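**Q** This one is target.cif, mmCIF, N, CA and C atoms.
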data_upload
#
loop_
_atom_site.label_atom_id
_atom_site.label_comp_id
_atom_site.auth_asym_id
_atom_site.auth_seq_id
_atom_site.Cartn_x
_atom_site.Cartn_y
_atom_site.Cartn_z
N MET F 1 -23.62 17.10 29.84
CA MET F 1 -22.57 16.21 29.39
C MET F 1 -23.19 14.91 28.90
N SER F 2 -22.53 14.26 28.00
CA SER F 2 -23.05 13.02 27.43
C SER F 2 -22.41 11.81 28.10
N ASN F 3 -23.02 10.66 27.89
CA ASN F 3 -22.54 9.42 28.49
C ASN F 3 -21.64 8.63 27.56
N PHE F 4 -21.30 9.15 26.40
CA PHE F 4 -20.48 8.41 25.45
C PHE F 4 -19.24 9.21 25.09
N SER F 5 -18.28 8.49 24.59
CA SER F 5 -17.03 9.12 24.16
C SER F 5 -17.11 9.41 22.66
N PHE F 6 -16.64 10.56 22.26
CA PHE F 6 -16.64 10.89 20.84
C PHE F 6 -15.71 9.97 20.06
N ASP F 7 -14.63 9.52 20.69
CA ASP F 7 -13.73 8.58 20.03
C ASP F 7 -14.41 7.24 19.80
N ASP F 8 -15.23 6.79 20.77
CA ASP F 8 -15.97 5.54 20.59
C ASP F 8 -16.98 5.66 19.46
N LEU F 9 -17.62 6.82 19.36
CA LEU F 9 -18.59 7.06 18.28
C LEU F 9 -17.89 6.99 16.93
N TRP F 10 -16.72 7.64 16.81
CA TRP F 10 -15.97 7.61 15.56
C TRP F 10 -15.59 6.18 15.19
N ARG F 11 -15.07 5.44 16.17
CA ARG F 11 -14.62 4.08 15.93
C ARG F 11 -15.78 3.18 15.52
N LYS F 12 -16.91 3.30 16.20
CA LYS F 12 -18.08 2.48 15.91
C LYS F 12 -18.58 2.73 14.48
N ASP F 13 -18.73 3.99 14.10
CA ASP F 13 -19.24 4.30 12.77
C ASP F 13 -18.22 3.97 11.69
N PHE F 14 -16.94 4.16 11.97
CA PHE F 14 -15.90 3.78 11.01
C PHE F 14 -15.93 2.28 10.76
N LEU F 15 -16.02 1.48 11.82
CA LEU F 15 -16.04 0.02 11.65
C LEU F 15 -17.29 -0.45 10.93
N LYS F 16 -18.43 0.16 11.23
CA LYS F 16 -19.66 -0.21 10.51
C LYS F 16 -19.54 0.11 9.03
N GLY F 17 -19.00 1.27 8.70
CA GLY F 17 -18.80 1.64 7.31
C GLY F 17 -17.80 0.73 6.61
N LEU F 18 -16.73 0.38 7.31
CA LEU F 18 -15.71 -0.50 6.73
C LEU F 18 -16.25 -1.90 6.49
N ILE F 19 -17.00 -2.43 7.44
CA ILE F 19 -17.58 -3.77 7.28
C ILE F 19 -18.59 -3.77 6.15
N LEU F 20 -19.42 -2.73 6.07
CA LEU F 20 -20.39 -2.63 4.97
C LEU F 20 -19.66 -2.58 3.63
N TRP F 21 -18.58 -1.82 3.55
CA TRP F 21 -17.83 -1.73 2.30
C TRP F 21 -17.21 -3.08 1.93
N ILE F 22 -16.68 -3.80 2.90
CA ILE F 22 -16.08 -5.12 2.63
C ILE F 22 -17.13 -6.08 2.09
N VAL F 23 -18.32 -6.08 2.69
CA VAL F 23 -19.39 -6.95 2.21
C VAL F 23 -19.79 -6.58 0.79
N ILE F 24 -19.92 -5.30 0.51
CA ILE F 24 -20.27 -4.85 -0.84
C ILE F 24 -19.17 -5.22 -1.83
N GLU F 25 -17.91 -5.10 -1.43
CA GLU F 25 -16.79 -5.50 -2.30
C GLU F 25 -16.88 -6.98 -2.65
N ILE F 26 -17.12 -7.81 -1.65
CA ILE F 26 -17.19 -9.25 -1.88
C ILE F 26 -18.32 -9.59 -2.83
N VAL F 27 -19.49 -9.01 -2.59
CA VAL F 27 -20.64 -9.29 -3.45
C VAL F 27 -20.40 -8.75 -4.86
N SER F 28 -19.89 -7.53 -4.96
CA SER F 28 -19.75 -6.89 -6.27
C SER F 28 -18.64 -7.47 -7.12
N PHE F 29 -17.53 -7.86 -6.50
CA PHE F 29 -16.37 -8.26 -7.29
C PHE F 29 -16.02 -9.74 -7.20
N LEU F 30 -16.68 -10.49 -6.32
CA LEU F 30 -16.46 -11.93 -6.25
C LEU F 30 -17.72 -12.72 -6.57
N VAL F 31 -18.81 -12.41 -5.88
CA VAL F 31 -20.03 -13.21 -6.03
C VAL F 31 -20.69 -12.97 -7.38
N LEU F 32 -20.94 -11.72 -7.73
CA LEU F 32 -21.63 -11.44 -8.99
C LEU F 32 -20.85 -11.91 -10.22
N PRO F 33 -19.53 -11.68 -10.32
CA PRO F 33 -18.81 -12.25 -11.46
C PRO F 33 -18.77 -13.78 -11.41
N GLY F 34 -18.70 -14.35 -10.21
CA GLY F 34 -18.69 -15.81 -10.09
C GLY F 34 -19.99 -16.44 -10.54
N LEU F 35 -21.09 -15.77 -10.30
CA LEU F 35 -22.40 -16.27 -10.75
C LEU F 35 -22.66 -15.96 -12.21
N GLY F 36 -21.84 -15.16 -12.82
CA GLY F 36 -22.03 -14.78 -14.21
C GLY F 36 -23.01 -13.64 -14.38
N ALA F 37 -23.38 -12.98 -13.29
CA ALA F 37 -24.32 -11.86 -13.37
C ALA F 37 -23.68 -10.65 -14.03
N ILE F 38 -22.38 -10.49 -13.85
CA ILE F 38 -21.64 -9.45 -14.56
C ILE F 38 -20.39 -10.08 -15.14
N GLN F 39 -19.91 -9.49 -16.22
CA GLN F 39 -18.74 -10.04 -16.90
C GLN F 39 -17.46 -9.45 -16.31
N GLN F 40 -16.47 -10.32 -16.18
CA GLN F 40 -15.16 -9.82 -15.75
C GLN F 40 -14.50 -9.13 -16.93
N SER F 41 -14.03 -7.93 -16.70
CA SER F 41 -13.41 -7.16 -17.77
C SER F 41 -12.35 -6.25 -17.17
N ASP F 42 -11.67 -5.53 -18.05
CA ASP F 42 -10.68 -4.57 -17.58
C ASP F 42 -11.33 -3.43 -16.80
N ARG F 43 -12.57 -3.08 -17.19
CA ARG F 43 -13.29 -2.04 -16.44
C ARG F 43 -13.55 -2.48 -15.02
N LEU F 44 -13.86 -3.75 -14.82
CA LEU F 44 -14.13 -4.26 -13.48
C LEU F 44 -12.86 -4.18 -12.62
N LYS F 45 -11.71 -4.48 -13.22
CA LYS F 45 -10.45 -4.36 -12.49
C LYS F 45 -10.15 -2.91 -12.13
N LEU F 46 -10.44 -2.00 -13.06
CA LEU F 46 -10.24 -0.58 -12.79
C LEU F 46 -11.16 -0.11 -11.66
N TRP F 47 -12.42 -0.53 -11.70
CA TRP F 47 -13.36 -0.13 -10.65
C TRP F 47 -12.98 -0.72 -9.31
N PHE F 48 -12.44 -1.93 -9.32
CA PHE F 48 -11.98 -2.53 -8.07
C PHE F 48 -10.84 -1.70 -7.48
N GLY F 49 -9.92 -1.30 -8.35
CA GLY F 49 -8.81 -0.46 -7.89
C GLY F 49 -9.27 0.89 -7.36
N LEU F 50 -10.27 1.48 -8.01
CA LEU F 50 -10.81 2.75 -7.54
C LEU F 50 -11.62 2.61 -6.25
N SER F 51 -12.27 1.46 -6.09
CA SER F 51 -13.15 1.29 -4.94
C SER F 51 -12.38 1.13 -3.63
N ILE F 52 -11.13 0.73 -3.70
CA ILE F 52 -10.36 0.55 -2.45
C ILE F 52 -10.14 1.90 -1.74
N PRO F 53 -9.54 2.91 -2.39
CA PRO F 53 -9.39 4.18 -1.66
C PRO F 53 -10.72 4.87 -1.39
N LEU F 54 -11.69 4.72 -2.31
CA LEU F 54 -12.99 5.35 -2.08
C LEU F 54 -13.72 4.72 -0.90
N GLY F 55 -13.64 3.40 -0.77
CA GLY F 55 -14.32 2.73 0.33
C GLY F 55 -13.69 3.00 1.67
N ILE F 56 -12.37 2.90 1.73
CA ILE F 56 -11.68 3.17 3.00
C ILE F 56 -11.81 4.65 3.37
N GLY F 57 -11.64 5.51 2.38
CA GLY F 57 -11.82 6.94 2.64
C GLY F 57 -13.25 7.27 3.04
N GLY F 58 -14.21 6.60 2.42
CA GLY F 58 -15.60 6.81 2.78
C GLY F 58 -15.90 6.39 4.20
N ALA F 59 -15.33 5.27 4.64
CA ALA F 59 -15.53 4.82 6.02
C ALA F 59 -14.90 5.80 7.00
N ILE F 60 -13.72 6.31 6.66
CA ILE F 60 -13.07 7.31 7.52
C ILE F 60 -13.91 8.59 7.58
N LEU F 61 -14.40 9.02 6.43
CA LEU F 61 -15.22 10.23 6.38
C LEU F 61 -16.54 10.04 7.12
N LEU F 62 -17.13 8.87 7.02
CA LEU F 62 -18.38 8.58 7.74
C LEU F 62 -18.17 8.65 9.24
N GLY F 63 -17.12 8.01 9.72
CA GLY F 63 -16.83 8.05 11.15
C GLY F 63 -16.48 9.45 11.62
N GLY F 64 -15.67 10.14 10.85
CA GLY F 64 -15.28 11.49 11.23
C GLY F 64 -16.44 12.46 11.23
N SER F 65 -17.34 12.31 10.26
CA SER F 65 -18.47 13.24 10.21
C SER F 65 -19.46 12.99 11.34
N SER F 66 -19.65 11.74 11.75
CA SER F 66 -20.54 11.49 12.88
C SER F 66 -19.95 12.06 14.17
N ARG F 67 -18.65 11.95 14.32
CA ARG F 67 -17.99 12.55 15.49
C ARG F 67 -18.08 14.08 15.43
N PHE F 68 -17.90 14.63 14.24
CA PHE F 68 -17.99 16.08 14.05
C PHE F 68 -19.38 16.60 14.41
N VAL F 69 -20.42 15.90 13.94
CA VAL F 69 -21.80 16.33 14.24
C VAL F 69 -22.08 16.22 15.73
N ALA F 70 -21.62 15.15 16.37
CA ALA F 70 -21.86 14.99 17.81
C ALA F 70 -21.16 16.09 18.61
N ILE F 71 -19.92 16.39 18.26
CA ILE F 71 -19.19 17.45 18.95
C ILE F 71 -19.86 18.81 18.69
N THR F 72 -20.28 19.03 17.46
CA THR F 72 -20.93 20.28 17.11
C THR F 72 -22.22 20.48 17.91
N ASN F 73 -23.02 19.43 18.01
CA ASN F 73 -24.28 19.55 18.74
C ASN F 73 -24.07 19.80 20.22
N GLU F 74 -22.96 19.35 20.75
CA GLU F 74 -22.72 19.54 22.18
C GLU F 74 -22.00 20.84 22.50
N ARG F 75 -21.08 21.27 21.64
CA ARG F 75 -20.19 22.38 22.01
C ARG F 75 -20.38 23.67 21.23
N ALA F 76 -20.98 23.62 20.05
CA ALA F 76 -21.05 24.82 19.21
C ALA F 76 -22.11 25.79 19.73
N ALA F 77 -21.92 27.04 19.39
CA ALA F 77 -22.92 28.06 19.72
C ALA F 77 -24.19 27.80 18.91
N SER F 78 -25.31 28.18 19.45
CA SER F 78 -26.59 27.83 18.81
C SER F 78 -26.74 28.45 17.42
N GLY F 79 -26.11 29.57 17.16
CA GLY F 79 -26.23 30.21 15.85
C GLY F 79 -25.52 29.46 14.75
N SER F 80 -24.46 28.77 15.06
CA SER F 80 -23.69 28.07 14.03
C SER F 80 -23.95 26.57 13.99
N LYS F 81 -24.80 26.07 14.88
CA LYS F 81 -25.05 24.62 14.93
C LYS F 81 -25.65 24.09 13.64
N THR F 82 -26.60 24.81 13.08
CA THR F 82 -27.29 24.32 11.89
C THR F 82 -26.33 24.18 10.72
N LEU F 83 -25.55 25.19 10.47
CA LEU F 83 -24.61 25.14 9.35
C LEU F 83 -23.55 24.06 9.55
N LEU F 84 -23.02 23.96 10.76
CA LEU F 84 -22.01 22.94 11.03
C LEU F 84 -22.59 21.53 10.97
N SER F 85 -23.84 21.36 11.42
CA SER F 85 -24.48 20.05 11.32
C SER F 85 -24.71 19.66 9.87
N LEU F 86 -25.13 20.63 9.05
CA LEU F 86 -25.30 20.35 7.62
C LEU F 86 -23.98 19.98 6.96
N LEU F 87 -22.91 20.66 7.35
CA LEU F 87 -21.59 20.34 6.83
C LEU F 87 -21.19 18.91 7.21
N GLY F 88 -21.44 18.53 8.46
CA GLY F 88 -21.14 17.17 8.90
C GLY F 88 -21.99 16.13 8.18
N GLN F 89 -23.26 16.44 7.97
CA GLN F 89 -24.13 15.51 7.25
C GLN F 89 -23.71 15.38 5.79
N PHE F 90 -23.26 16.46 5.19
CA PHE F 90 -22.76 16.41 3.82
C PHE F 90 -21.52 15.52 3.73
N GLY F 91 -20.63 15.65 4.71
CA GLY F 91 -19.44 14.79 4.74
C GLY F 91 -19.81 13.33 4.89
N GLY F 92 -20.79 13.04 5.73
CA GLY F 92 -21.26 11.66 5.88
C GLY F 92 -21.87 11.12 4.60
N SER F 93 -22.58 11.97 3.88
CA SER F 93 -23.17 11.55 2.60
C SER F 93 -22.10 11.22 1.57
N ILE F 94 -21.05 12.01 1.53
CA ILE F 94 -19.94 11.73 0.63
C ILE F 94 -19.26 10.42 1.03
N GLY F 95 -19.13 10.19 2.33
CA GLY F 95 -18.56 8.93 2.82
C GLY F 95 -19.38 7.73 2.41
N ILE F 96 -20.69 7.84 2.53
CA ILE F 96 -21.57 6.74 2.12
C ILE F 96 -21.47 6.51 0.62
N ALA F 97 -21.34 7.58 -0.16
CA ALA F 97 -21.17 7.42 -1.61
C ALA F 97 -19.89 6.65 -1.93
N GLY F 98 -18.82 6.91 -1.20
CA GLY F 98 -17.58 6.17 -1.41
C GLY F 98 -17.72 4.71 -1.04
N ILE F 99 -18.45 4.44 0.03
CA ILE F 99 -18.67 3.06 0.46
C ILE F 99 -19.52 2.31 -0.56
N LEU F 100 -20.53 2.97 -1.13
CA LEU F 100 -21.45 2.32 -2.06
C LEU F 100 -20.95 2.30 -3.51
N PHE F 101 -19.80 2.89 -3.78
CA PHE F 101 -19.27 2.94 -5.14
C PHE F 101 -19.21 1.57 -5.83
N PRO F 102 -18.69 0.51 -5.18
CA PRO F 102 -18.63 -0.77 -5.89
C PRO F 102 -20.01 -1.32 -6.23
N PHE F 103 -20.99 -1.08 -5.36
CA PHE F 103 -22.35 -1.55 -5.65
C PHE F 103 -22.93 -0.83 -6.86
N VAL F 104 -22.71 0.47 -6.96
CA VAL F 104 -23.23 1.24 -8.08
C VAL F 104 -22.59 0.77 -9.38
N MET F 105 -21.29 0.52 -9.37
CA MET F 105 -20.61 0.07 -10.58
C MET F 105 -21.06 -1.34 -10.98
N ALA F 106 -21.21 -2.23 -10.01
CA ALA F 106 -21.67 -3.59 -10.31
C ALA F 106 -23.12 -3.57 -10.81
N ALA F 107 -23.95 -2.72 -10.22
CA ALA F 107 -25.33 -2.61 -10.68
C ALA F 107 -25.38 -2.07 -12.11
N GLY F 108 -24.52 -1.12 -12.42
CA GLY F 108 -24.45 -0.61 -13.79
C GLY F 108 -24.03 -1.67 -14.78
N GLU F 109 -23.04 -2.48 -14.41
CA GLU F 109 -22.61 -3.59 -15.28
C GLU F 109 -23.73 -4.61 -15.46
N PHE F 110 -24.43 -4.90 -14.38
CA PHE F 110 -25.53 -5.86 -14.44
C PHE F 110 -26.64 -5.35 -15.36
N LEU F 111 -27.02 -4.10 -15.21
CA LEU F 111 -28.06 -3.53 -16.07
C LEU F 111 -27.59 -3.45 -17.52
N ALA F 112 -26.33 -3.13 -17.75
CA ALA F 112 -25.81 -3.10 -19.12
C ALA F 112 -25.86 -4.48 -19.74
N LYS F 113 -25.58 -5.52 -18.96
CA LYS F 113 -25.63 -6.88 -19.48
C LYS F 113 -27.07 -7.28 -19.81
N ILE F 114 -28.00 -6.86 -18.98
CA ILE F 114 -29.41 -7.19 -19.24
C ILE F 114 -29.90 -6.51 -20.51
N PHE F 115 -29.59 -5.22 -20.67
CA PHE F 115 -30.10 -4.48 -21.82
C PHE F 115 -29.34 -4.76 -23.10
N ASP F 116 -28.17 -5.40 -23.03
CA ASP F 116 -27.44 -5.79 -24.23
C ASP F 116 -28.06 -7.00 -24.90
N LYS F 117 -28.78 -7.78 -24.13
CA LYS F 117 -29.36 -9.02 -24.70
C LYS F 117 -30.60 -8.76 -25.48
#
Give the structure from this file in structure tokens form.
**A**
Amino acid sequence: MSNFSFDDLWRKDFLKGLILWIVIEIVSFLVLPGLGAIQQSDRLKLWFGLSIPLGIGGAILLGGSSRFVAITNERAASGSKTLLSLLGQFGGSIGIAGILFPFVMAAGEFLAKIFDK
């Protein structure tokens, strides 16, 4: 038996993912446009709108996948552990991609601005 609660693990990883996403949102959509590193445009507003469900969904998926992997490692039969662990890790990777979406879009805008000059 383990010394931790699976619900605490989910909550901890969800909050870490959510806080990381909020910091990335602030930097990508407030700080960088404020410094003039990227231009404010309609695309930036569209990406901001897309990043909200992707970021929150990514944080939920990150927390859920860490809980899934922990439960799988403790309770699953040894034959199916590898496949289920890979499935959980894949879900966590998709969650991280959703959290990092605003950073990728802001980095693309920044690089486009550099190469346009």
**Q** Written as a PyMOL selection string, which residues does the PyMOL selection byres ((chain F and resi 17-27) around 6.5) give for the file shown?
**A** chain F and resi 12-16+28-33+55+58-59+99-100+102-103
**Q** Distance atom N of Ala76 in chain F-CA of Ile60 in chain F, one decimal place?
**A**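 One can read the atom N of Ala76 in chain F to CA of Ile60 in chain F distance as 22.0 Å.
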**Q** What gap, in Å, lies between CA of Ile52 in chain F and CA of Asp8 in chain F?
**A** 24.2 Å
**Q** Please determine, counting all atoms listed in the file, which residue among F:Gly88, F:Phe115, F:Ser5, F:Gly98 has the shortest atom-to-atom distance to Gly64 in chain F.
**A** F:Gly88
**Q** By how many Å are CA of Phe90 in chain F and CA of Gly63 in chain F apart?
**A**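 Interatomic distance, CA of Phe90 in chain F to CA of Gly63 in chain F: 12.6 Å.
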**Q** What would the file be for range 74-99 of chain F if you keep N, CA and C atoms and write it as a PDB file, in the first residue's frame?
**A**
ATOM      1  N   GLU F  74      -0.196   0.443  -9.191  1.00  0.00           N
ATOM      2  CA  GLU F  74      -0.483  -0.233  -7.928  1.00  0.00           C
ATOM      3  C   GLU F  74      -1.466  -1.387  -8.081  1.00  0.00           C
ATOM      4  N   ARG F  75      -2.440  -1.260  -8.967  1.00  0.00           N
ATOM      5  CA  ARG F  75      -3.545  -2.222  -8.983  1.00  0.00           C
ATOM      6  C   ARG F  75      -3.624  -3.118 -10.209  1.00  0.00           C
ATOM      7  N   ALA F  76      -3.020  -2.741 -11.315  1.00  0.00           N
ATOM      8  CA  ALA F  76      -3.193  -3.511 -12.554  1.00  0.00           C
ATOM      9  C   ALA F  76      -2.363  -4.791 -12.522  1.00  0.00           C
ATOM     10  N   ALA F  77      -2.809  -5.753 -13.299  1.00  0.00           N
ATOM     11  CA  ALA F  77      -2.048  -6.991 -13.452  1.00  0.00           C
ATOM     12  C   ALA F  77      -0.751  -6.692 -14.195  1.00  0.00           C
ATOM     13  N   SER F  78       0.267  -7.466 -13.922  1.00  0.00           N
ATOM     14  CA  SER F  78       1.590  -7.160 -14.471  1.00  0.00           C
ATOM     15  C   SER F  78       1.621  -7.208 -15.995  1.00  0.00           C
ATOM     16  N   GLY F  79       0.778  -7.997 -16.619  1.00  0.00           N
ATOM     17  CA  GLY F  79       0.768  -8.085 -18.072  1.00  0.00           C
ATOM     18  C   GLY F  79       0.252  -6.840 -18.755  1.00  0.00           C
ATOM     19  N   SER F  80      -0.650  -6.132 -18.128  1.00  0.00           N
ATOM     20  CA  SER F  80      -1.244  -4.953 -18.763  1.00  0.00           C
ATOM     21  C   SER F  80      -0.669  -3.641 -18.239  1.00  0.00           C
ATOM     22  N   LYS F  81       0.253  -3.695 -17.290  1.00  0.00           N
ATOM     23  CA  LYS F  81       0.805  -2.463 -16.709  1.00  0.00           C
ATOM     24  C   LYS F  81       1.514  -1.602 -17.743  1.00  0.00           C
ATOM     25  N   THR F  82       2.304  -2.223 -18.599  1.00  0.00           N
ATOM     26  CA  THR F  82       3.093  -1.456 -19.565  1.00  0.00           C
ATOM     27  C   THR F  82       2.194  -0.686 -20.519  1.00  0.00           C
ATOM     28  N   LEU F  83       1.219  -1.345 -21.076  1.00  0.00           N
ATOM     29  CA  LEU F  83       0.320  -0.687 -22.023  1.00  0.00           C
ATOM     30  C   LEU F  83      -0.485   0.418 -21.348  1.00  0.00           C
ATOM     31  N   LEU F  84      -0.995   0.153 -20.161  1.00  0.00           N
ATOM     32  CA  LEU F  84      -1.777   1.166 -19.452  1.00  0.00           C
ATOM     33  C   LEU F  84      -0.905   2.340 -19.013  1.00  0.00           C
ATOM     34  N   SER F  85       0.340   2.070 -18.626  1.00  0.00           N
ATOM     35  CA  SER F  85       1.250   3.158 -18.259  1.00  0.00           C
ATOM     36  C   SER F  85       1.565   4.029 -19.468  1.00  0.00           C
ATOM     37  N   LEU F  86       1.782   3.398 -20.623  1.00  0.00           N
ATOM     38  CA  LEU F  86       2.024   4.168 -21.846  1.00  0.00           C
ATOM     39  C   LEU F  86       0.812   5.012 -22.216  1.00  0.00           C
ATOM     40  N   LEU F  87      -0.371   4.464 -22.038  1.00  0.00           N
ATOM     41  CA  LEU F  87      -1.595   5.216 -22.298  1.00  0.00           C
ATOM     42  C   LEU F  87      -1.688   6.431 -21.375  1.00  0.00           C
ATOM     43  N   GLY F  88      -1.377   6.242 -20.098  1.00  0.00           N
ATOM     44  CA  GLY F  88      -1.385   7.355 -19.155  1.00  0.00           C
ATOM     45  C   GLY F  88      -0.333   8.399 -19.481  1.00  0.00           C
ATOM     46  N   GLN F  89       0.847   7.956 -19.888  1.00  0.00           N
ATOM     47  CA  GLN F  89       1.898   8.898 -20.258  1.00  0.00           C
ATOM     48  C   GLN F  89       1.532   9.663 -21.524  1.00  0.00           C
ATOM     49  N   PHE F  90       0.873   9.013 -22.458  1.00  0.00           N
ATOM     50  CA  PHE F  90       0.410   9.690 -23.666  1.00  0.00           C
ATOM     51  C   PHE F  90      -0.612  10.769 -23.315  1.00  0.00           C
ATOM     52  N   GLY F  91      -1.525  10.446 -22.408  1.00  0.00           N
ATOM     53  CA  GLY F  91      -2.503  11.439 -21.960  1.00  0.00           C
ATOM     54  C   GLY F  91      -1.839  12.627 -21.290  1.00  0.00           C
ATOM     55  N   GLY F  92      -0.826  12.370 -20.482  1.00  0.00           N
ATOM     56  CA  GLY F  92      -0.084  13.460 -19.847  1.00  0.00           C
ATOM     57  C   GLY F  92       0.638  14.322 -20.867  1.00  0.00           C
ATOM     58  N   SER F  93       1.167  13.695 -21.913  1.00  0.00           N
ATOM     59  CA  SER F  93       1.849  14.454 -22.966  1.00  0.00           C
ATOM     60  C   SER F  93       0.876  15.358 -23.714  1.00  0.00           C
ATOM     61  N   ILE F  94      -0.309  14.872 -23.976  1.00  0.00           N
ATOM     62  CA  ILE F  94      -1.336  15.694 -24.626  1.00  0.00           C
ATOM     63  C   ILE F  94      -1.724  16.853 -23.706  1.00  0.00           C
ATOM     64  N   GLY F  95      -1.817  16.580 -22.407  1.00  0.00           N
ATOM     65  CA  GLY F  95      -2.118  17.639 -21.442  1.00  0.00           C
ATOM     66  C   GLY F  95      -1.053  18.719 -21.421  1.00  0.00           C
ATOM     67  N   ILE F  96       0.204  18.314 -21.447  1.00  0.00           N
ATOM     68  CA  ILE F  96       1.301  19.285 -21.469  1.00  0.00           C
ATOM     69  C   ILE F  96       1.265  20.098 -22.757  1.00  0.00           C
ATOM     70  N   ALA F  97       0.917  19.460 -23.870  1.00  0.00           N
ATOM     71  CA  ALA F  97       0.802  20.193 -25.133  1.00  0.00           C
ATOM     72  C   ALA F  97      -0.282  21.263 -25.043  1.00  0.00           C
ATOM     73  N   GLY F  98      -1.395  20.962 -24.398  1.00  0.00           N
ATOM     74  CA  GLY F  98      -2.451  21.959 -24.218  1.00  0.00           C
ATOM     75  C   GLY F  98      -2.010  23.105 -23.326  1.00  0.00           C
ATOM     76  N   ILE F  99      -1.244  22.785 -22.293  1.00  0.00           N
ATOM     77  CA  ILE F  99      -0.743  23.820 -21.385  1.00  0.00           C
ATOM     78  C   ILE F  99       0.255  24.721 -22.100  1.00  0.00           C
TER      79      ILE F  99
END
